[in-house]
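Okay, run_23.cif now, which holds mmCIF, C-alpha atoms:
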data_protein
loop_
_atom_site.group_PDB
_atom_site.id
_atom_site.type_symbol
_atom_site.label_atom_id
_atom_site.label_comp_id
_atom_site.auth_asym_id
_atom_site.auth_seq_id
_atom_site.Cartn_x
_atom_site.Cartn_y
_atom_site.Cartn_z
ATOM 1 C CA MET A 620 -16.933 7.039 24.577
ATOM 2 C CA LYS A 621 -19.221 8.103 21.702
ATOM 3 C CA LEU A 622 -19.200 11.637 23.076
ATOM 4 C CA LEU A 623 -15.392 11.624 23.165
ATOM 5 C CA HIS A 624 -15.213 10.417 19.556
ATOM 6 C CA ALA A 625 -17.699 13.104 18.496
ATOM 7 C CA LEU A 626 -15.618 15.775 20.238
ATOM 8 C CA LEU A 627 -12.406 14.551 18.609
ATOM 9 C CA ASP A 628 -14.097 14.554 15.197
ATOM 10 C CA LEU A 629 -15.180 18.133 15.814
ATOM 11 C CA LEU A 630 -11.704 19.267 16.838
ATOM 12 C CA TYR A 631 -9.815 17.097 14.357
ATOM 13 C CA PRO A 632 -12.217 16.227 11.545
ATOM 14 C CA PRO A 633 -11.219 13.000 9.774
ATOM 15 C CA LYS A 634 -9.704 13.443 6.337
ATOM 16 C CA CYS A 635 -9.361 11.211 3.326
ATOM 17 C CA PRO A 636 -5.767 9.916 3.414
ATOM 18 C CA PHE A 637 -5.434 10.161 -0.370
ATOM 19 C CA CYS A 638 -6.747 13.655 -1.203
ATOM 20 C CA ASP A 639 -6.568 15.149 2.331
ATOM 21 C CA ARG A 640 -10.118 16.500 2.150
ATOM 22 C CA ILE A 641 -12.381 16.493 5.214
ATOM 23 C CA LEU A 642 -14.756 13.547 5.002
ATOM 24 C CA GLU A 643 -18.427 14.330 4.523
ATOM 25 C CA ARG A 644 -21.161 12.865 6.690
ATOM 26 C CA GLY A 645 -21.589 9.203 5.813
ATOM 27 C CA GLU A 646 -18.084 8.822 4.366
ATOM 28 C CA GLU A 647 -15.852 6.462 6.290
ATOM 29 C CA GLY A 648 -12.131 5.972 5.748
ATOM 30 C CA LEU A 649 -11.896 7.592 2.322
ATOM 31 C CA CYS A 650 -14.034 10.047 0.406
ATOM 32 C CA ALA A 651 -16.552 8.999 -2.228
ATOM 33 C CA ARG A 652 -14.548 10.727 -4.961
ATOM 34 C CA CYS A 653 -11.401 8.727 -4.223
ATOM 35 C CA GLN A 654 -13.431 5.541 -3.858
ATOM 36 C CA ARG A 655 -14.481 6.007 -7.490
ATOM 37 C CA ALA A 656 -11.345 7.557 -8.942
ATOM 38 C CA LEU A 657 -8.322 5.908 -7.336
ATOM 39 C CA PRO A 658 -6.148 3.769 -9.660
ATOM 40 C CA TRP A 659 -7.328 0.349 -8.520
ATOM 41 C CA THR A 660 -5.326 -2.598 -9.812
ATOM 42 C CA GLN A 661 -6.584 -5.746 -11.459
ATOM 43 C CA PRO A 662 -5.401 -9.264 -10.553
ATOM 44 C CA GLY A 663 -1.917 -10.088 -11.835
ATOM 45 C CA GLY A 664 0.830 -7.562 -12.501
ATOM 46 C CA GLY A 665 3.592 -6.782 -10.040
ATOM 47 C CA ALA A 666 6.188 -9.397 -9.171
ATOM 48 C CA ALA A 667 9.346 -9.869 -7.149
ATOM 49 C CA GLN A 668 11.924 -12.613 -7.343
ATOM 50 C CA GLY A 669 11.350 -15.264 -4.695
ATOM 51 C CA CYS A 670 7.648 -14.483 -4.192
ATOM 52 C CA ASP A 671 4.860 -16.831 -5.224
ATOM 53 C CA ALA A 672 2.698 -13.761 -5.876
ATOM 54 C CA CYS A 673 2.784 -10.004 -5.300
ATOM 55 C CA LEU A 674 -0.550 -8.376 -4.511
ATOM 56 C CA ALA A 675 -1.559 -4.723 -4.209
ATOM 57 C CA PRO A 676 -4.951 -2.990 -4.350
ATOM 58 C CA LEU A 677 -3.637 0.252 -5.905
ATOM 59 C CA TYR A 678 -1.173 1.645 -8.411
ATOM 60 C CA TYR A 679 1.460 3.985 -6.996
ATOM 61 C CA GLN A 680 0.503 7.221 -8.733
ATOM 62 C CA SER A 681 -1.208 10.592 -8.162
ATOM 63 C CA GLY A 682 -3.299 10.596 -4.966
ATOM 64 C CA VAL A 683 -1.970 7.224 -3.842
ATOM 65 C CA ARG A 684 1.591 8.543 -3.889
ATOM 66 C CA ASP A 685 0.480 11.574 -1.867
ATOM 67 C CA GLY A 686 -1.299 9.355 0.649
ATOM 68 C CA VAL A 687 1.728 7.112 1.112
ATOM 69 C CA HIS A 688 3.986 10.130 1.634
ATOM 70 C CA ARG A 689 1.648 11.527 4.291
ATOM 71 C CA TYR A 690 1.564 8.122 5.963
ATOM 72 C CA LYS A 691 5.339 7.647 6.006
ATOM 73 C CA PHE A 692 6.705 11.150 6.349
ATOM 74 C CA GLY A 693 3.822 13.309 7.596
ATOM 75 C CA GLY A 694 3.079 11.561 10.866
ATOM 76 C CA GLY A 695 0.016 9.872 9.390
ATOM 77 C CA ALA A 696 0.313 6.594 11.302
ATOM 78 C CA SER A 697 -3.468 6.508 11.781
ATOM 79 C CA HIS A 698 -3.877 5.913 8.031
ATOM 80 C CA ALA A 699 -2.661 2.336 8.594
ATOM 81 C CA LYS A 700 -6.207 1.428 9.642
ATOM 82 C CA LEU A 701 -7.708 2.133 6.211
ATOM 83 C CA PHE A 702 -4.638 1.140 4.186
ATOM 84 C CA GLY A 703 -4.438 -2.206 5.978
ATOM 85 C CA GLN A 704 -8.141 -2.755 5.364
ATOM 86 C CA LEU A 705 -7.658 -2.274 1.611
ATOM 87 C CA MET A 706 -4.713 -4.682 1.668
ATOM 88 C CA ALA A 707 -6.581 -7.312 3.683
ATOM 89 C CA GLN A 708 -9.448 -7.203 1.202
ATOM 90 C CA CYS A 709 -6.997 -7.555 -1.690
ATOM 91 C CA LEU A 710 -5.412 -10.590 -0.013
ATOM 92 C CA ALA A 711 -8.803 -12.207 0.556
ATOM 93 C CA ASP A 712 -9.921 -11.569 -3.027
ATOM 94 C CA ARG A 713 -6.728 -12.616 -4.834
ATOM 95 C CA TRP A 714 -5.002 -15.290 -2.771
ATOM 96 C CA ASP A 715 -6.851 -18.518 -2.058
ATOM 97 C CA GLY A 716 -3.956 -20.442 -0.505
ATOM 98 C CA PRO A 717 -3.437 -20.992 3.238
ATOM 99 C CA VAL A 718 -1.504 -18.409 5.286
ATOM 100 C CA ASP A 719 0.287 -19.276 8.530
ATOM 101 C CA LEU A 720 2.015 -15.996 9.308
ATOM 102 C CA ILE A 721 2.020 -12.326 8.347
ATOM 103 C CA THR A 722 5.284 -10.421 8.700
ATOM 104 C CA TRP A 723 6.844 -7.273 7.237
ATOM 105 C CA ALA A 724 9.941 -5.736 5.676
ATOM 106 C CA PRO A 725 11.323 -3.867 8.706
ATOM 107 C CA LEU A 726 12.932 -0.468 8.969
ATOM 108 C CA HIS A 727 16.444 -0.122 10.334
ATOM 109 C CA PRO A 728 16.188 0.584 14.103
ATOM 110 C CA GLU A 729 17.639 4.090 13.718
ATOM 111 C CA ARG A 730 15.113 5.071 11.068
ATOM 112 C CA ARG A 731 12.288 3.606 13.106
ATOM 113 C CA ARG A 732 13.439 5.642 16.109
ATOM 114 C CA ARG A 733 13.417 8.839 14.060
ATOM 115 C CA ARG A 734 10.044 8.156 12.467
ATOM 116 C CA GLY A 735 8.399 6.874 15.635
ATOM 117 C CA TYR A 736 6.833 3.845 13.976
ATOM 118 C CA ASP A 737 7.475 1.254 11.291
ATOM 119 C CA GLN A 738 4.912 1.842 8.549
ATOM 120 C CA ALA A 739 5.111 -1.725 7.219
ATOM 121 C CA GLU A 740 4.622 -3.199 10.696
ATOM 122 C CA LEU A 741 1.456 -1.158 11.269
ATOM 123 C CA LEU A 742 0.069 -2.354 7.940
ATOM 124 C CA ALA A 743 0.963 -5.982 8.704
ATOM 125 C CA ARG A 744 -0.711 -5.868 12.113
ATOM 126 C CA ARG A 745 -3.883 -4.386 10.629
ATOM 127 C CA VAL A 746 -3.970 -7.017 7.861
ATOM 128 C CA GLY A 747 -3.442 -9.779 10.413
ATOM 129 C CA GLU A 748 -6.197 -8.413 12.624
ATOM 130 C CA LEU A 749 -8.702 -8.418 9.765
ATOM 131 C CA ALA A 750 -7.546 -11.706 8.236
ATOM 132 C CA GLY A 751 -7.394 -13.555 11.548
ATOM 133 C CA VAL A 752 -3.786 -14.639 10.918
ATOM 134 C CA PRO A 753 -0.895 -14.420 13.443
ATOM 135 C CA VAL A 754 1.483 -11.490 12.948
ATOM 136 C CA ALA A 755 5.096 -11.596 14.103
ATOM 137 C CA PRO A 756 8.504 -10.140 13.186
ATOM 138 C CA ALA A 757 10.613 -12.548 11.138
ATOM 139 C CA LEU A 758 13.323 -10.277 9.731
ATOM 140 C CA GLU A 759 15.700 -7.596 10.904
ATOM 141 C CA LYS A 760 17.419 -4.883 8.947
ATOM 142 C CA ILE A 761 21.090 -5.032 9.851
ATOM 143 C CA ARG A 762 22.442 -2.339 7.558
ATOM 144 C CA ALA A 763 21.131 1.198 7.214
ATOM 145 C CA THR A 764 20.414 2.029 3.589
ATOM 146 C CA GLY A 765 19.523 5.132 1.659
ATOM 147 C CA ALA A 766 15.857 5.574 0.831
ATOM 148 C CA GLN A 767 14.862 3.416 -2.124
ATOM 149 C CA SER A 768 12.564 6.216 -3.306
ATOM 150 C CA HIS A 769 15.630 8.357 -4.056
ATOM 151 C CA LEU A 770 17.027 5.770 -6.481
ATOM 152 C CA GLN A 771 15.594 5.481 -9.985
ATOM 153 C CA ASP A 772 17.836 2.818 -11.476
ATOM 154 C CA GLU A 773 16.825 -0.794 -10.785
ATOM 155 C CA ARG A 774 20.444 -1.906 -10.362
ATOM 156 C CA GLU A 775 21.047 0.843 -7.809
ATOM 157 C CA ARG A 776 17.975 -0.217 -5.862
ATOM 158 C CA ARG A 777 19.058 -3.846 -5.764
ATOM 159 C CA ALA A 778 22.600 -2.933 -4.712
ATOM 160 C CA ASN A 779 21.220 -0.617 -2.029
ATOM 161 C CA VAL A 780 19.421 -3.441 -0.198
ATOM 162 C CA GLU A 781 21.861 -6.289 -0.933
ATOM 163 C CA GLY A 782 22.643 -7.995 2.385
ATOM 164 C CA ALA A 783 20.604 -5.467 4.371
ATOM 165 C CA TYR A 784 18.228 -8.028 5.916
ATOM 166 C CA ARG A 785 18.483 -11.330 7.732
ATOM 167 C CA PRO A 786 16.026 -13.710 9.444
ATOM 168 C CA LEU A 787 15.543 -13.290 13.172
ATOM 169 C CA PRO A 788 17.140 -16.227 15.006
ATOM 170 C CA GLN A 789 13.935 -16.929 16.926
ATOM 171 C CA ALA A 790 11.658 -16.883 13.854
ATOM 172 C CA ASP A 791 10.051 -20.303 13.317
ATOM 173 C CA LEU A 792 9.493 -20.350 9.549
ATOM 174 C CA ALA A 793 10.036 -24.011 8.595
ATOM 175 C CA GLY A 794 7.260 -25.019 6.210
ATOM 176 C CA LYS A 795 5.305 -21.815 6.858
ATOM 177 C CA ARG A 796 3.124 -20.044 4.277
ATOM 178 C CA VAL A 797 4.058 -16.389 4.828
ATOM 179 C CA VAL A 798 2.600 -13.057 3.701
ATOM 180 C CA LEU A 799 5.332 -10.402 3.516
ATOM 181 C CA VAL A 800 4.007 -6.850 3.900
ATOM 182 C CA ASP A 801 5.548 -3.584 2.717
ATOM 183 C CA ASP A 802 4.077 -0.232 1.704
ATOM 184 C CA VAL A 803 5.015 0.032 -2.002
ATOM 185 C CA LEU A 804 6.383 -2.327 -4.657
ATOM 186 C CA THR A 805 8.429 -0.573 -7.357
ATOM 187 C CA THR A 806 11.314 -2.623 -8.769
ATOM 188 C CA GLY A 807 10.746 -5.376 -6.197
ATOM 189 C CA ALA A 808 14.317 -5.136 -4.857
ATOM 190 C CA THR A 809 13.375 -4.928 -1.168
ATOM 191 C CA MET A 810 10.673 -7.567 -1.505
ATOM 192 C CA ALA A 811 13.086 -9.935 -3.273
ATOM 193 C CA GLN A 812 15.758 -9.536 -0.594
ATOM 194 C CA CYS A 813 13.277 -10.127 2.216
ATOM 195 C CA ALA A 814 11.668 -13.078 0.431
ATOM 196 C CA ALA A 815 15.092 -14.681 -0.030
ATOM 197 C CA CYS A 816 15.740 -14.368 3.715
ATOM 198 C CA LEU A 817 12.382 -15.953 4.534
ATOM 199 C CA ARG A 818 13.083 -18.801 2.120
ATOM 200 C CA SER A 819 16.532 -19.349 3.611
ATOM 201 C CA ALA A 820 14.874 -19.763 7.017
ATOM 202 C CA GLY A 821 12.525 -22.415 5.665
ATOM 203 C CA ALA A 822 9.408 -20.576 4.480
ATOM 204 C CA GLU A 823 7.490 -22.734 2.007
ATOM 205 C CA THR A 824 5.436 -19.949 0.417
ATOM 206 C CA VAL A 825 6.038 -16.190 0.320
ATOM 207 C CA VAL A 826 3.289 -13.849 -0.875
ATOM 208 C CA GLY A 827 4.200 -10.175 -1.181
ATOM 209 C CA LEU A 828 1.457 -7.735 -0.165
ATOM 210 C CA THR A 829 1.734 -3.957 -0.517
ATOM 211 C CA LEU A 830 -0.686 -1.040 -0.539
ATOM 212 C CA ALA A 831 0.491 0.048 -3.981
ATOM 213 C CA ARG A 832 2.680 -1.068 -6.833
ATOM 214 C CA ALA A 833 4.351 0.660 -9.736
ATOM 215 C CA GLY A 834 2.515 0.392 -13.020
ATOM 216 C CA GLN A 835 0.133 2.156 -15.332
ATOM 217 C CA HIS A 836 -3.545 2.566 -14.572
ATOM 218 C CA LEU A 837 -5.439 1.868 -17.804
ATOM 219 C CA ASP A 838 -7.935 4.638 -17.175
ATOM 220 C CA SER A 839 -5.431 7.252 -16.038
ATOM 221 C CA ALA A 840 -7.750 10.123 -16.946
ATOM 222 C CA SER A 841 -10.296 8.959 -14.371
ATOM 223 C CA HIS A 842 -8.253 9.738 -11.282
ATOM 224 C CA PRO A 843 -7.131 13.148 -10.005
ATOM 225 C CA GLU A 844 -3.653 14.332 -10.966
#

Starting from the file, give its structure as C-alpha cells.
Amino acid sequence: MKLLHALLDLLYPPKCPFCDRILERGEEGLCARCQRALPWTQPGGGAAQGCDACLAPLYYQSGVRDGVHRYKFGGGASHAKLFGQLMAQCLADRWDGPVDLITWAPLHPERRRRRGYDQAELLARRVGELAGVPVAPALEKIRATGAQSHLQDERERRANVEGAYRPLPQADLAGKRVVLVDDVLTTGATMAQCAACLRSAGAETVVGLTLARAGQHLDSASHPE
C-alpha cells in the first residue's frame, strides 16, 4: 500500500489546494506559505438568521476563493479532506456546546448529477468523521436555483433561495443540536433558509459551519493576491 501511495505521488504529486503548488517534502495538506499567509478568521464575525452561531476558519478572498473554485468546479473533490479538517478544528476551538448531528445544505439533484458530488456533503462527512458526530442528510433542495455566486445583491440572493429547501420527512430533528455545513457564507441567505427548515422540523440548536466567510482580513497585505 505504501508503495502504491508513493507511485501515485510520483505520477500525481499532491498540490496545495489554495495556491496549486506542488507540496514540498514534509508538507502535508497545504504548503507552508499558505499555512502562514492565508486569511485566517478570528472568533466572532459572520452570522445568518436562525443560527446560534456561524463559524468559519477562513475569509473568502484571494487564495481561498481560488481553492474553493477548484474544489467545486475543477473536479477537486479530494480537497474535502483538508478543508473538512480545517472546519472540524474550527468547530472544536469555537463551539463548546453539545452536537447531536452534522448535516449540510444540499445541492439540487440535477446539479449534483452534473458535478458528480455534493461539495457540502463531502465537507460534512469529513467534519463528522473527525469530530466523532453522526452525519446524515436532513434537507432536500426542491427547486433548482441560479448560482448564488452570480448574484451580488443581498435581496436577490435571498429571493433566489426562498422556498428552495425543505426538511426530509424521515429526518429526526426534534430537540437535536445540529451543525449545518456549507462551503462559503456570504450574505447568509442559503444558511438562513436551511436553518429555518431545520428549526421547523424541531432542531433545538443550529450552528452554521463553512470553510470560508465573506469579510475583511485585517492583515490583507500578508496573504498572496

Residues matched by the PyMOL selection byres ((chain A and resi 783-791) around 7) as a list in words: Ala757, Leu758, Glu759, Lys760, Ile761, Arg762, Val780, Glu781, Gly782, Leu792, Ala793, Cys813, Cys816, Leu817 and Ala820 of chain A

Please write the residues from the selection above to a file, keeping C-alpha atoms, as a short mmCIF file (atom, residue, chain, number, x, y, z; two decimals), keeping the file's coordinate frame.
data_model
loop_
_atom_site.label_atom_id
_atom_site.label_comp_id
_atom_site.auth_asym_id
_atom_site.auth_seq_id
_atom_site.Cartn_x
_atom_site.Cartn_y
_atom_site.Cartn_z
CA ALA A 757 10.61 -12.55 11.14
CA LEU A 758 13.32 -10.28 9.73
CA GLU A 759 15.70 -7.60 10.90
CA LYS A 760 17.42 -4.88 8.95
CA ILE A 761 21.09 -5.03 9.85
CA ARG A 762 22.44 -2.34 7.56
CA VAL A 780 19.42 -3.44 -0.20
CA GLU A 781 21.86 -6.29 -0.93
CA GLY A 782 22.64 -8.00 2.38
CA LEU A 792 9.49 -20.35 9.55
CA ALA A 793 10.04 -24.01 8.60
CA CYS A 813 13.28 -10.13 2.22
CA CYS A 816 15.74 -14.37 3.72
CA LEU A 817 12.38 -15.95 4.53
CA ALA A 820 14.87 -19.76 7.02
#

Length of the atom CA of Cys670 of chain A to atom CA of Arg774 of chain A vector [Å]: 19.0 Å

Residues selected by the PyMOL selection byres ((chain A and resi 682-696) around 9), written as a JSON list (two decimals) with C-alpha atoms, keeping the file's coordinate frame:
[["chain", "number", "residue", "atom", "x", "y", "z"],
["A", 635, "CYS", "CA", -9.36, 11.21, 3.33],
["A", 636, "PRO", "CA", -5.77, 9.92, 3.41],
["A", 637, "PHE", "CA", -5.43, 10.16, -0.37],
["A", 638, "CYS", "CA", -6.75, 13.66, -1.20],
["A", 639, "ASP", "CA", -6.57, 15.15, 2.33],
["A", 653, "CYS", "CA", -11.40, 8.73, -4.22],
["A", 657, "LEU", "CA", -8.32, 5.91, -7.34],
["A", 658, "PRO", "CA", -6.15, 3.77, -9.66],
["A", 677, "LEU", "CA", -3.64, 0.25, -5.90],
["A", 678, "TYR", "CA", -1.17, 1.64, -8.41],
["A", 679, "TYR", "CA", 1.46, 3.98, -7.00],
["A", 680, "GLN", "CA", 0.50, 7.22, -8.73],
["A", 681, "SER", "CA", -1.21, 10.59, -8.16],
["A", 697, "SER", "CA", -3.47, 6.51, 11.78],
["A", 698, "HIS", "CA", -3.88, 5.91, 8.03],
["A", 699, "ALA", "CA", -2.66, 2.34, 8.59],
["A", 700, "LYS", "CA", -6.21, 1.43, 9.64],
["A", 734, "ARG", "CA", 10.04, 8.16, 12.47],
["A", 735, "GLY", "CA", 8.40, 6.87, 15.64],
["A", 736, "TYR", "CA", 6.83, 3.84, 13.98],
["A", 737, "ASP", "CA", 7.48, 1.25, 11.29],
["A", 738, "GLN", "CA", 4.91, 1.84, 8.55],
["A", 741, "LEU", "CA", 1.46, -1.16, 11.27],
["A", 802, "ASP", "CA", 4.08, -0.23, 1.70],
["A", 803, "VAL", "CA", 5.01, 0.03, -2.00],
["A", 830, "LEU", "CA", -0.69, -1.04, -0.54],
["A", 831, "ALA", "CA", 0.49, 0.05, -3.98],
["A", 842, "HIS", "CA", -8.25, 9.74, -11.28],
["A", 843, "PRO", "CA", -7.13, 13.15, -10.01],
["A", 844, "GLU", "CA", -3.65, 14.33, -10.97]]

Top pick for closest residue to Ala833 of chain A, considering A:Ser819, A:Asn779, A:Gln708, A:Thr806 and counting all atoms listed in the file: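 Closest to Ala833 of chain A, using all atoms listed in the file: A:Thr806.
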
Residue members of the PyMOL selection byres ((chain A and resi 750) around 9) in the file shown, as JSON, numbers by chain: {"A": [707, 708, 710, 711, 745, 746, 747, 748, 749, 751, 752, 753]}

From the set A:Arg713, A:Arg640, A:Arg777, A:Arg730, which residue has the shortest atom-to-atom contact distance to Thr660 of chain A, counting all atoms listed in the file?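 Of the candidates, the smallest distance to Thr660 of chain A is held by A:Arg713.
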
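Interatomic distance, atom CA of Pro717 of chain A to atom CA of Arg796 of chain A: 6.7 Å.
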
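Across the structure, atom CA of Ala815 of chain A and atom CA of Gly669 of chain A are spaced 6.0 Å apart.
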
Write out as number ranges by chain the residues lying within 9 Å of Pro662 of chain A, counting all atoms listed in the file and excluding same-chain residues fewer than 3 positions away. A: 674-676, 713

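Summary of the local environment: counting only C-alpha atoms, residues at most 10 Å from Thr722 of chain A, other than itself and those fewer than 4 positions away along its chain, are Ala739, Glu740, Leu742, Ala743, Arg744, Val746, Gly747, Pro753, Val754, Ala755, Pro756, Ala757, Leu758, Val797, Val798, Leu799, Val800, Asp801, Leu817 and Gly827 of chain A.
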
Reconstructed segment 659-677 of chain A, atom set N, CA, C and O atoms, as a compact mmCIF listing (two decimals), in the coordinates of the input:
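So the final result, stored in result25.txt, reads:
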# COMPACT_ATOMS: atom_id res chain seq x y z
N TRP A 659 -7.24 1.71 -9.05
CA TRP A 659 -7.33 0.35 -8.52
C TRP A 659 -6.69 -0.63 -9.50
O TRP A 659 -6.86 -0.52 -10.71
N THR A 660 -5.97 -1.59 -8.97
CA THR A 660 -5.33 -2.60 -9.81
C THR A 660 -6.30 -3.72 -10.15
O THR A 660 -7.36 -3.86 -9.54
N GLN A 661 -5.89 -4.51 -11.12
CA GLN A 661 -6.58 -5.75 -11.46
C GLN A 661 -5.69 -6.92 -11.04
O GLN A 661 -4.48 -6.74 -10.86
N PRO A 662 -6.24 -8.11 -10.90
CA PRO A 662 -5.40 -9.26 -10.55
C PRO A 662 -4.26 -9.44 -11.54
O PRO A 662 -4.39 -9.16 -12.72
N GLY A 663 -3.12 -9.93 -11.02
CA GLY A 663 -1.92 -10.09 -11.84
C GLY A 663 -1.06 -8.84 -11.73
O GLY A 663 -1.32 -7.94 -10.94
N GLY A 664 -0.01 -8.76 -12.49
CA GLY A 664 0.83 -7.56 -12.50
C GLY A 664 2.11 -7.75 -11.74
O GLY A 664 2.88 -8.64 -12.03
N GLY A 665 2.31 -6.88 -10.72
CA GLY A 665 3.59 -6.78 -10.04
C GLY A 665 4.18 -8.10 -9.59
O GLY A 665 3.47 -9.06 -9.28
N ALA A 666 5.51 -8.17 -9.57
CA ALA A 666 6.19 -9.40 -9.17
C ALA A 666 7.50 -9.05 -8.49
O ALA A 666 8.02 -7.95 -8.63
N ALA A 667 8.03 -10.00 -7.75
CA ALA A 667 9.35 -9.87 -7.15
C ALA A 667 9.96 -11.26 -7.09
O ALA A 667 9.27 -12.24 -6.79
N GLN A 668 11.24 -11.33 -7.37
CA GLN A 668 11.92 -12.61 -7.34
C GLN A 668 11.79 -13.26 -5.97
O GLN A 668 11.97 -12.62 -4.94
N GLY A 669 11.47 -14.55 -5.95
CA GLY A 669 11.35 -15.26 -4.70
C GLY A 669 9.96 -15.28 -4.11
O GLY A 669 9.71 -15.99 -3.13
N CYS A 670 9.03 -14.51 -4.68
CA CYS A 670 7.65 -14.48 -4.19
C CYS A 670 6.76 -15.34 -5.08
O CYS A 670 6.92 -15.36 -6.30
N ASP A 671 5.83 -16.05 -4.46
CA ASP A 671 4.86 -16.83 -5.22
C ASP A 671 3.82 -15.93 -5.88
O ASP A 671 3.22 -16.31 -6.89
N ALA A 672 3.60 -14.76 -5.31
CA ALA A 672 2.70 -13.76 -5.88
C ALA A 672 3.01 -12.44 -5.21
O ALA A 672 3.55 -12.40 -4.10
N CYS A 673 2.69 -11.34 -5.88
CA CYS A 673 2.78 -10.00 -5.30
C CYS A 673 1.46 -9.30 -5.53
O CYS A 673 1.05 -9.10 -6.68
N LEU A 674 0.80 -8.94 -4.46
CA LEU A 674 -0.55 -8.38 -4.51
C LEU A 674 -0.55 -6.93 -4.02
O LEU A 674 0.19 -6.58 -3.10
N ALA A 675 -1.39 -6.12 -4.63
CA ALA A 675 -1.56 -4.72 -4.21
C ALA A 675 -2.91 -4.22 -4.70
O ALA A 675 -3.27 -4.49 -5.86
N PRO A 676 -3.66 -3.50 -3.89
CA PRO A 676 -4.95 -2.99 -4.35
C PRO A 676 -4.85 -1.77 -5.25
O PRO A 676 -5.80 -1.47 -5.99
N LEU A 677 -3.73 -1.03 -5.21
CA LEU A 677 -3.64 0.25 -5.90
C LEU A 677 -2.34 0.38 -6.68
O LEU A 677 -1.33 -0.23 -6.34
